[in-house]
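> So here's entry07.cif (mmCIF, C-alpha atoms).
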data_data
#
loop_
_atom_site.label_atom_id
_atom_site.label_comp_id
_atom_site.auth_asym_id
_atom_site.auth_seq_id
_atom_site.Cartn_x
_atom_site.Cartn_y
_atom_site.Cartn_z
CA MET A 5 0.82 -167.80 134.41
CA GLN A 6 0.60 -169.11 137.96
CA LYS A 7 -2.45 -171.30 138.48
CA ASN A 8 -4.34 -171.78 141.71
CA THR A 9 -2.17 -173.99 143.93
CA SER A 10 -3.85 -173.15 147.21
CA GLY A 11 -4.70 -176.70 148.21
CA GLU A 12 -8.19 -178.04 148.82
CA PHE A 13 -10.85 -177.98 151.49
CA SER A 14 -14.04 -180.04 151.67
CA ILE A 15 -17.06 -177.88 152.53
CA GLY A 16 -19.55 -180.00 154.43
CA ASN A 17 -17.30 -183.00 153.76
CA ASP A 18 -18.61 -183.33 150.21
CA LEU A 19 -17.86 -180.11 148.28
CA SER A 20 -14.18 -180.10 147.43
CA VAL A 21 -12.94 -176.62 146.57
CA ARG A 22 -9.54 -175.01 146.12
CA ARG A 23 -8.89 -172.79 149.08
CA LEU A 24 -8.41 -169.61 147.05
CA GLY A 25 -11.80 -168.61 145.66
CA PHE A 26 -13.29 -165.53 144.03
CA GLY A 27 -15.60 -162.97 145.61
CA ALA A 28 -18.03 -161.55 143.07
CA MET A 29 -19.15 -158.38 144.86
CA ARG A 30 -16.92 -156.09 142.81
CA ILE A 31 -18.35 -157.08 139.43
CA THR A 32 -21.16 -154.59 140.08
CA GLY A 33 -21.43 -150.81 139.93
CA LYS A 34 -20.33 -148.17 142.42
CA GLY A 35 -21.81 -148.72 145.86
CA VAL A 36 -22.37 -152.40 144.92
CA TRP A 37 -25.29 -151.08 142.91
CA GLY A 38 -26.28 -151.60 139.29
CA GLU A 39 -24.19 -152.60 136.33
CA PRO A 40 -20.38 -152.64 136.40
CA ALA A 41 -18.50 -149.98 134.48
CA ASP A 42 -17.31 -152.70 132.07
CA ARG A 43 -19.58 -155.74 131.90
CA ALA A 44 -17.44 -157.43 129.24
CA GLU A 45 -14.40 -157.21 131.53
CA ALA A 46 -16.43 -158.65 134.41
CA ILE A 47 -17.29 -161.62 132.22
CA ARG A 48 -13.63 -162.02 131.26
CA VAL A 49 -12.66 -161.97 134.94
CA LEU A 50 -15.05 -164.82 135.78
CA ARG A 51 -13.97 -166.94 132.84
CA ARG A 52 -10.30 -166.31 133.56
CA ALA A 53 -10.84 -167.27 137.20
CA VAL A 54 -12.08 -170.70 136.15
CA GLU A 55 -9.21 -171.06 133.66
CA LEU A 56 -6.74 -170.39 136.48
CA GLY A 57 -8.22 -173.15 138.62
CA ILE A 58 -10.66 -171.30 140.87
CA ASN A 59 -13.68 -173.50 141.54
CA PHE A 60 -15.34 -171.59 144.39
CA ILE A 61 -17.23 -168.36 143.63
CA ASP A 62 -19.00 -166.38 146.34
CA THR A 63 -21.81 -163.95 145.57
CA ALA A 64 -25.13 -162.69 147.01
CA ASP A 65 -28.54 -161.63 145.76
CA SER A 66 -27.84 -158.18 147.26
CA TYR A 67 -24.80 -157.55 145.05
CA GLY A 68 -26.27 -155.21 142.47
CA PRO A 69 -28.84 -156.25 143.65
CA HIS A 70 -29.07 -159.34 141.42
CA VAL A 71 -26.42 -158.10 138.97
CA SER A 72 -23.56 -160.26 140.24
CA GLU A 73 -25.58 -163.46 140.02
CA GLU A 74 -26.81 -162.59 136.54
CA ILE A 75 -23.30 -161.94 135.25
CA ILE A 76 -22.00 -165.19 136.77
CA ALA A 77 -24.66 -167.15 134.89
CA GLU A 78 -24.02 -165.25 131.67
CA ALA A 79 -20.27 -165.87 131.89
CA LEU A 80 -20.15 -169.45 133.09
CA HIS A 81 -23.42 -171.32 132.47
CA PRO A 82 -23.51 -174.22 131.71
CA TYR A 83 -21.17 -174.53 134.67
CA PRO A 84 -18.05 -176.72 134.50
CA ALA A 85 -18.02 -179.83 136.65
CA GLY A 86 -16.86 -179.17 140.18
CA LEU A 87 -17.59 -175.44 140.22
CA VAL A 88 -19.21 -174.42 143.52
CA ILE A 89 -21.24 -171.21 143.51
CA ALA A 90 -22.13 -169.96 146.97
CA THR A 91 -24.66 -167.18 147.41
CA LYS A 92 -26.33 -165.34 150.27
CA GLY A 93 -29.67 -163.88 151.29
CA GLY A 94 -30.81 -161.62 154.12
CA PHE A 95 -30.53 -158.02 152.95
CA ASP A 96 -32.81 -155.50 151.27
CA ARG A 97 -31.06 -152.89 149.12
CA PRO A 98 -32.83 -149.51 149.03
CA GLY A 99 -29.95 -147.82 147.21
CA PRO A 100 -26.18 -147.61 146.59
CA ASP A 101 -24.14 -148.44 149.70
CA LYS A 102 -27.37 -149.03 151.64
CA TRP A 103 -28.00 -152.38 153.35
CA VAL A 104 -31.04 -153.26 155.45
CA GLU A 105 -31.19 -156.61 157.24
CA ASN A 106 -34.21 -158.74 156.40
CA GLY A 107 -34.30 -162.21 157.92
CA ARG A 108 -38.03 -162.78 157.67
CA PRO A 109 -38.64 -166.37 156.51
CA GLU A 110 -40.76 -165.25 153.56
CA HIS A 111 -37.98 -162.93 152.42
CA LEU A 112 -35.33 -165.65 152.68
CA LYS A 113 -37.51 -168.06 150.72
CA ALA A 114 -38.10 -165.52 147.95
CA ALA A 115 -34.42 -164.53 147.94
CA CYS A 116 -33.29 -168.13 147.53
CA GLU A 117 -35.76 -168.80 144.74
CA GLY A 118 -34.64 -165.63 142.97
CA SER A 119 -31.01 -166.72 143.22
CA LEU A 120 -31.87 -170.12 141.79
CA ARG A 121 -33.48 -168.46 138.77
CA ARG A 122 -30.70 -165.97 138.14
CA LEU A 123 -27.91 -168.51 138.58
CA ARG A 124 -29.85 -171.07 136.49
CA LEU A 125 -29.42 -173.72 139.15
CA GLU A 126 -31.75 -176.40 140.48
CA ARG A 127 -29.93 -176.37 143.83
CA ILE A 128 -27.50 -173.96 145.49
CA ASP A 129 -24.53 -175.84 146.96
CA LEU A 130 -23.89 -173.32 149.75
CA TYR A 131 -26.53 -170.81 150.85
CA GLN A 132 -25.43 -168.34 153.50
CA LEU A 133 -27.50 -166.18 155.82
CA HIS A 134 -25.98 -162.78 155.02
CA ARG A 135 -26.73 -161.49 158.52
CA ILE A 136 -28.69 -162.75 161.52
CA ASP A 137 -31.49 -160.18 161.66
CA SER A 138 -31.91 -159.01 165.26
CA LYS A 139 -35.59 -158.19 164.55
CA VAL A 140 -36.45 -161.81 163.73
CA PRO A 141 -36.01 -164.85 166.01
CA ALA A 142 -32.87 -166.72 164.98
CA GLU A 143 -34.88 -169.95 165.08
CA ASP A 144 -37.16 -168.58 162.35
CA GLN A 145 -34.24 -167.62 160.13
CA ILE A 146 -32.35 -170.91 160.47
CA GLY A 147 -35.69 -172.71 160.22
CA ALA A 148 -36.36 -171.06 156.86
CA LEU A 149 -33.01 -172.29 155.55
CA LYS A 150 -33.70 -175.78 156.91
CA ASN A 151 -36.99 -175.81 155.02
CA LEU A 152 -35.22 -174.80 151.81
CA GLN A 153 -32.71 -177.57 152.45
CA ALA A 154 -35.48 -180.12 152.98
CA GLN A 155 -37.05 -179.02 149.69
CA GLY A 156 -33.77 -179.67 147.87
CA LYS A 157 -33.24 -176.02 146.96
CA ILE A 158 -30.01 -175.70 148.93
CA LYS A 159 -27.42 -178.29 149.91
CA HIS A 160 -25.52 -176.66 152.77
CA ILE A 161 -26.10 -173.75 155.17
CA GLY A 162 -23.55 -171.06 156.05
CA LEU A 163 -23.53 -167.93 158.20
CA SER A 164 -22.00 -164.46 157.86
CA GLU A 165 -20.78 -161.92 160.43
CA VAL A 166 -21.42 -164.04 163.51
CA SER A 167 -19.86 -164.67 166.89
CA VAL A 168 -18.83 -168.07 168.27
CA GLN A 169 -21.96 -168.04 170.44
CA GLN A 170 -24.19 -167.38 167.43
CA ILE A 171 -22.58 -170.22 165.50
CA GLN A 172 -23.10 -172.59 168.39
CA ARG A 173 -26.73 -171.57 168.70
CA ALA A 174 -27.27 -172.14 164.98
CA GLN A 175 -25.47 -175.49 165.15
CA ALA A 176 -28.06 -176.64 167.66
CA MET A 177 -30.68 -176.10 164.95
CA ALA A 178 -28.90 -177.19 161.75
CA PRO A 179 -25.48 -178.26 160.47
CA ILE A 180 -23.38 -175.16 159.69
CA VAL A 181 -20.58 -175.74 157.18
CA SER A 182 -19.16 -172.25 156.62
CA VAL A 183 -18.75 -168.86 158.27
CA GLN A 184 -18.01 -165.64 156.44
CA ASN A 185 -16.66 -162.82 158.64
CA ARG A 186 -14.49 -159.79 157.95
CA TYR A 187 -10.90 -160.81 158.57
CA SER A 188 -7.43 -160.04 157.25
CA VAL A 189 -3.82 -159.67 158.36
CA THR A 190 -4.68 -156.17 159.57
CA ASP A 191 -8.13 -156.99 160.94
CA ARG A 192 -8.09 -159.81 163.46
CA GLY A 193 -11.40 -159.12 165.18
CA SER A 194 -12.70 -162.61 164.34
CA GLU A 195 -9.66 -164.48 165.65
CA ASP A 196 -11.75 -166.54 168.07
CA VAL A 197 -14.16 -167.43 165.28
CA VAL A 198 -11.30 -168.66 163.07
CA ASP A 199 -10.03 -170.85 165.91
CA PHE A 200 -13.53 -172.22 166.54
CA CYS A 201 -14.05 -173.00 162.84
CA GLU A 202 -10.72 -174.79 162.73
CA ARG A 203 -11.71 -177.00 165.69
CA GLU A 204 -15.11 -177.71 164.15
CA GLU A 205 -13.77 -178.13 160.57
CA ILE A 206 -16.06 -175.34 159.37
CA GLY A 207 -14.89 -173.39 156.32
CA PHE A 208 -13.94 -169.80 157.23
CA ILE A 209 -14.45 -167.35 154.36
CA PRO A 210 -12.77 -164.00 155.11
CA TRP A 211 -14.41 -161.06 153.40
CA PHE A 212 -12.45 -157.85 152.82
CA PRO A 213 -9.38 -160.13 152.80
CA LEU A 214 -7.05 -157.52 151.31
CA ALA A 215 -8.12 -154.76 153.72
CA ALA A 216 -8.18 -152.25 150.87
CA GLY A 217 -6.27 -149.07 151.62
CA LYS A 218 -4.44 -150.45 154.66
CA LEU A 219 -1.87 -152.80 153.16
CA SER A 220 0.90 -150.22 153.01
CA GLY A 221 0.18 -148.84 156.46
CA ALA A 222 0.85 -150.13 159.96
CA GLY A 223 4.52 -149.32 159.82
CA GLY A 224 4.97 -150.80 156.37
CA ALA A 225 5.39 -154.38 157.62
CA ILE A 226 3.47 -155.87 154.72
CA LYS A 227 5.38 -153.76 152.25
CA ARG A 228 8.71 -154.82 153.76
CA VAL A 229 7.80 -158.49 153.57
CA ALA A 230 6.56 -158.05 150.01
CA GLU A 231 9.79 -156.42 148.89
CA ARG A 232 11.88 -159.12 150.51
CA LEU A 233 9.87 -161.90 148.84
CA ARG A 234 9.57 -160.04 145.52
CA ALA A 235 5.81 -160.05 145.76
CA THR A 236 3.08 -157.42 146.04
CA PRO A 237 1.44 -156.41 149.34
CA SER A 238 -1.83 -157.95 148.14
CA GLN A 239 -0.09 -161.26 147.45
CA VAL A 240 1.46 -161.25 150.91
CA ALA A 241 -1.95 -160.59 152.47
CA VAL A 242 -3.51 -163.52 150.59
CA ALA A 243 -0.57 -165.82 151.32
CA TRP A 244 -0.80 -164.98 155.04
CA LEU A 245 -4.48 -165.94 155.08
CA LEU A 246 -3.77 -169.26 153.39
CA ALA A 247 -1.01 -169.95 155.92
CA ARG A 248 -3.18 -168.94 158.88
CA SER A 249 -5.48 -172.00 158.87
CA THR A 250 -6.32 -175.04 156.78
CA VAL A 251 -10.02 -174.06 156.92
CA MET A 252 -9.32 -170.56 155.54
CA LEU A 253 -10.99 -169.88 152.16
CA PRO A 254 -9.99 -166.39 150.98
CA ILE A 255 -12.14 -164.87 148.23
CA PRO A 256 -10.35 -161.73 147.00
CA GLY A 257 -12.53 -159.97 144.45
CA THR A 258 -11.77 -157.66 141.57
CA SER A 259 -13.25 -156.33 138.36
CA LYS A 260 -9.94 -156.53 136.44
CA VAL A 261 -8.27 -159.58 134.92
CA GLU A 262 -4.77 -158.31 135.77
CA ASN A 263 -5.66 -158.02 139.46
CA LEU A 264 -7.23 -161.47 139.42
CA GLU A 265 -4.04 -162.97 138.01
CA GLU A 266 -1.99 -161.22 140.69
CA ASN A 267 -4.24 -162.62 143.41
CA VAL A 268 -4.13 -166.17 142.05
CA ALA A 269 -0.34 -166.04 141.84
CA ALA A 270 -0.36 -165.50 145.63
CA SER A 271 -1.44 -169.12 146.04
CA GLY A 272 2.12 -170.14 145.20
CA LEU A 273 3.80 -167.66 147.55
CA LYS A 274 5.35 -169.30 150.61
CA LEU A 275 5.95 -167.11 153.64
CA ASP A 276 9.07 -167.93 155.63
CA GLU A 277 9.15 -167.96 159.43
CA ALA A 278 10.55 -164.44 159.57
CA ALA A 279 7.68 -163.15 157.44
CA LEU A 280 5.07 -164.98 159.49
CA GLN A 281 6.53 -163.59 162.71
CA GLU A 282 6.65 -160.02 161.40
CA LEU A 283 3.10 -160.21 160.08
CA GLY A 284 1.92 -161.82 163.31
CA GLU A 285 3.30 -158.90 165.30
CA LEU A 286 1.56 -156.50 162.92
CA ALA A 287 -1.74 -158.27 163.52
CA ARG A 288 -1.35 -158.15 167.29
CA ALA A 289 -0.51 -154.45 167.11
CA SER A 290 -3.66 -153.79 165.08
#
Would you mind writing the structure in this file as structure tokens?

Amino acid sequence: MQKNTSGEFSIGNDLSVRRLGFGAMRITGKGVWGEPADRAEAIRVLRRAVELGINFIDTADSYGPHVSEEIIAEALHPYPAGLVIATKGGFDRPGPDKWVENGRPEHLKAACEGSLRRLRLERIDLYQLHRIDSKVPAEDQIGALKNLQAQGKIKHIGLSEVSVQQIQRAQAMAPIVSVQNRYSVTDRGSEDVVDFCEREEIGFIPWFPLAAGKLSGAGGAIKRVAERLRATPSQVAVAWLLARSTVMLPIPGTSKVENLEENVAASGLKLDEAALQELGELARAS
């Protein structure tokens, strides 16, 4: 079985992770709400991920809510040396598929402390602001994370779904080591953010990296490349992300071991120049 050969990136210059990680949103129920359909399989997925060399797991208190973090701790605690668990705060969850931004400092403090308890950690290596809440001054939100950092509850601060201007504004208040935006071979809306992160050596964590439901579309370019390279469309999509930038940290998620193994095998897939050109044209067309 192909192990994770995606290369390494140093988050904040002191957290060395393999560039292909695991996103733990899908180990919850429908609508990212409640228990998964098969909790035992979710636990197997997490343990298999570590066996295959993944040492970066991304989650959030809002996944479930709380369910994803609880399953991670159940499956992997006590954590193996070198495993980085990143989590996020900044949403309330009133129901399935419902997300309400909440960047009030008291909420972020409580969210972080809840994550620490559920993950059974004394400090979270990477804590990400899930969204910048437009109803709360950005200074108050980043300030809350700085306070948590000063208290030793988090090591590094990251952002999610932000523009270059928002990153720069946050950087003026605190060191920012990662950005998590929606991005894939068929969704290049954050192209300028990727380029900025590369210049600044900030880890870029693309969510929705497989663009579910779109991989066989757009004229079938991904499918054609996959057939030529004897790979799956999902593997081509992951391989393209890894080739796109050295700061790219894809986190494809799944609730099935077989899909996890397929994704990890993509770390060994090398795209030739013809494939990169064809996929680049697809991205520009999208």
> Near Ser188 of chain A, within 9 Å and counting all atoms listed in the file, which residues show up once chain neighbours fewer than 4 positions away are dropped, as a PyMOL selection string?
chain A and resi 192-193+210-215+241-242+244-245+287
> So, counting all atoms listed in the file, which residue among A:Ser259, A:Asn267, A:Gln175, A:Ser167 is closest to Arg51 of chain A?
A:Ser259
> Name the residues that the PyMOL selection byres ((chain A and resi 144) around 12) pulls out of this structure, and write them as a compact mmCIF listing (two decimals) with C-alpha atoms, in the coordinates of the input.

# COMPACT_ATOMS: atom_id res chain seq x y z
CA ASN A 106 -34.21 -158.74 156.40
CA GLY A 107 -34.30 -162.21 157.92
CA ARG A 108 -38.03 -162.78 157.67
CA PRO A 109 -38.64 -166.37 156.51
CA GLU A 110 -40.76 -165.25 153.56
CA HIS A 111 -37.98 -162.93 152.42
CA LEU A 112 -35.33 -165.65 152.68
CA LYS A 113 -37.51 -168.06 150.72
CA LEU A 133 -27.50 -166.18 155.82
CA ILE A 136 -28.69 -162.75 161.52
CA ASP A 137 -31.49 -160.18 161.66
CA SER A 138 -31.91 -159.01 165.26
CA LYS A 139 -35.59 -158.19 164.55
CA VAL A 140 -36.45 -161.81 163.73
CA PRO A 141 -36.01 -164.85 166.01
CA ALA A 142 -32.87 -166.72 164.98
CA GLU A 143 -34.88 -169.95 165.08
CA GLN A 145 -34.24 -167.62 160.13
CA ILE A 146 -32.35 -170.91 160.47
CA GLY A 147 -35.69 -172.71 160.22
CA ALA A 148 -36.36 -171.06 156.86
CA LEU A 149 -33.01 -172.29 155.55
CA LYS A 150 -33.70 -175.78 156.91
CA ASN A 151 -36.99 -175.81 155.02
CA ALA A 174 -27.27 -172.14 164.98
CA MET A 177 -30.68 -176.10 164.95
CA ALA A 178 -28.90 -177.19 161.75
> What is the atom CA of Leu123 of chain A-atom CA of Asn185 of chain A distance in Å, reported with one decimal?
23.7 Å
> Taking the file as shown, what set of residues would the PyMOL selection byres ((chain A and resi 12) around 6) give back, as a ChimeraX atom specification?
/A:11,13,21-23
> Would you output that residue set with C-alpha atoms, as a CSV table (one decimal), in the coordinates of the input?

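Result saved to result.csv:
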chain,number,residue,atom,x,y,z
A,11,GLY,CA,-4.7,-176.7,148.2
A,13,PHE,CA,-10.8,-178.0,151.5
A,21,VAL,CA,-12.9,-176.6,146.6
A,22,ARG,CA,-9.5,-175.0,146.1
A,23,ARG,CA,-8.9,-172.8,149.1
> Rounded to one decimal place, report the atom CA of Gly162 of chain A-atom CA of Val240 of chain A distance in Å.
27.4 Å
> Segment 5-36 of chain A near segment 63-85 of chain A within 10 Å: what's each residue's closest atom pair and its distance in Å to one decimal, counting all atoms listed in the file, ordered by chain then ascending residue number, as a Markdown table?

| residue | atom | partner | partner_atom | distance |
| --- | --- | --- | --- | --- |
| A:Phe26 | CA | A:Thr63 | CA | 8.8 |
| A:Gly27 | CA | A:Thr63 | CA | 6.3 |
| A:Ala28 | CA | A:Thr63 | CA | 5.1 |
| A:Met29 | CA | A:Tyr67 | CA | 5.7 |
| A:Arg30 | CA | A:Ser72 | CA | 8.3 |
| A:Ile31 | CA | A:Ser72 | CA | 6.2 |
| A:Thr32 | CA | A:Gly68 | CA | 5.7 |
| A:Gly33 | CA | A:Gly68 | CA | 7.0 |
| A:Lys34 | CA | A:Gly68 | CA | 9.2 |
| A:Gly35 | CA | A:Gly68 | CA | 8.6 |
| A:Val36 | CA | A:Gly68 | CA | 5.4 |
> Measuring between all atoms listed in the file, which one of A:Glu39, A:Glu285, A:Glu202, A:Glu165 shows the shortest distance to Val189 of chain A?
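Closest residue, counting all atoms listed in the file: A:Glu285.
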> Quick one, how far is atom CA of Ile47 of chain A from atom CA of Phe60 of chain A?
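A separation of 15.9 Å between them.
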> Can you pull out every residue within 10 Å of Leu120 of chain A, counting only C-alpha atoms, but drop anything in the same chain fewer than 6 positions away, and send it as a list in words?
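Residues meeting the cut-off are Asp65, Glu73, Thr91, Ala114, Glu126, Arg127, Ile128, Lys157 and Ile158 of chain A.
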> For those residues, write C-alpha atoms to a file as a compact mmCIF listing (two decimals), keeping the file's coordinate frame.

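Saved result, again.txt, follows:
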# COMPACT_ATOMS: atom_id res chain seq x y z
CA ASP A 65 -28.54 -161.63 145.76
CA GLU A 73 -25.58 -163.46 140.02
CA THR A 91 -24.66 -167.18 147.41
CA ALA A 114 -38.10 -165.52 147.95
CA GLU A 126 -31.75 -176.40 140.48
CA ARG A 127 -29.93 -176.37 143.83
CA ILE A 128 -27.50 -173.96 145.49
CA LYS A 157 -33.24 -176.02 146.96
CA ILE A 158 -30.01 -175.70 148.93
> Excluding Thr9 of chain A and residues on its chain fewer than 5 positions from it, collect all residues at most 12 Å away from it, counting all atoms listed in the file, and give them as a list in words.
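Result of the neighbour search: Val21, Arg22, Arg23, Leu24, Gly25, Leu56, Gly57, Ile58, Asn59, Ala243, Leu246, Asn267, Val268, Ala269, Ala270, Ser271, Gly272, Leu273 and Lys274 of chain A.
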> With C-alpha atoms retained, export the selected residues as a short mmCIF file (atom, residue, chain, number, x, y, z; two decimals), in the coordinates of the input.

data_model
loop_
_atom_site.label_atom_id
_atom_site.label_comp_id
_atom_site.auth_asym_id
_atom_site.auth_seq_id
_atom_site.Cartn_x
_atom_site.Cartn_y
_atom_site.Cartn_z
CA VAL A 21 -12.94 -176.62 146.57
CA ARG A 22 -9.54 -175.01 146.12
CA ARG A 23 -8.89 -172.79 149.08
CA LEU A 24 -8.41 -169.61 147.05
CA GLY A 25 -11.80 -168.61 145.66
CA LEU A 56 -6.74 -170.39 136.48
CA GLY A 57 -8.22 -173.15 138.62
CA ILE A 58 -10.66 -171.30 140.87
CA ASN A 59 -13.68 -173.50 141.54
CA ALA A 243 -0.57 -165.82 151.32
CA LEU A 246 -3.77 -169.26 153.39
CA ASN A 267 -4.24 -162.62 143.41
CA VAL A 268 -4.13 -166.17 142.05
CA ALA A 269 -0.34 -166.04 141.84
CA ALA A 270 -0.36 -165.50 145.63
CA SER A 271 -1.44 -169.12 146.04
CA GLY A 272 2.12 -170.14 145.20
CA LEU A 273 3.80 -167.66 147.55
CA LYS A 274 5.35 -169.30 150.61
#
> Assuming the chain letters and numbering stay as they are in my file, what does the PyMOL selection byres ((chain A and resi 95) around 8) actually select? List them as a JSON list (two decimals) with C-alpha atoms, in the coordinates of the input.

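Okay, this is what ended up in selection06.json:
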[["chain", "number", "residue", "atom", "x", "y", "z"],
["A", 66, "SER", "CA", -27.84, -158.18, 147.26],
["A", 93, "GLY", "CA", -29.67, -163.88, 151.29],
["A", 94, "GLY", "CA", -30.81, -161.62, 154.12],
["A", 96, "ASP", "CA", -32.81, -155.50, 151.27],
["A", 97, "ARG", "CA", -31.06, -152.89, 149.12],
["A", 103, "TRP", "CA", -28.00, -152.38, 153.35],
["A", 104, "VAL", "CA", -31.04, -153.26, 155.45],
["A", 105, "GLU", "CA", -31.19, -156.61, 157.24],
["A", 106, "ASN", "CA", -34.21, -158.74, 156.40],
["A", 107, "GLY", "CA", -34.30, -162.21, 157.92],
["A", 134, "HIS", "CA", -25.98, -162.78, 155.02],
["A", 135, "ARG", "CA", -26.73, -161.49, 158.52]]
> Let me make sure I understand: among A:Glu265, A:Asp276, A:Asp18, A:Glu55, which one has the smallest atom-to-atom distance to Leu233 of chain A if we use all atoms listed in the file?
A:Asp276
> Hey, what's within 9 Å of Val168 of chain A if we count all atoms listed in the file and toss same-chain stuff fewer than 4 positions away? As a list of chain:residue names, please?
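Non-adjacent residues within range: A:Gln172, A:Arg173, A:Asp196, A:Val197, A:Phe200, A:Cys201.
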> Out of A:Lys260, A:Arg203, A:His160, A:Lys92, which residue has the shortest atom-to-atom distance to Arg52 of chain A when counting all atoms listed in the file?
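Using all atoms listed in the file, Arg52 of chain A sits closest to A:Lys260.
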> Could you check which of A:Ile206, A:Leu280, A:Ile89, A:Leu286 is closest to Leu50 of chain A, using all atoms listed in the file?
A:Ile89
> Produce the centre coordinates and the three edge lengths, each in Å to one decimal, of the box along x, y and z that contains all listed atoms of segment 264-281 of chain A with 4 Å added on each side, as AutoDock Vina command-line options.

--center_x 1.7 --center_y -165.7 --center_z 150.4 --size_x 25.8 --size_y 16.9 --size_z 32.7
> Give me the residues near Gly16 of chain A as number ranges by chain, where near means some atom within 10 Å (using all atoms listed in the file) and where sequence neighbours in that chain fewer than 6 positions away do not count.
A: 129-130, 159-162, 179-182, 205-207
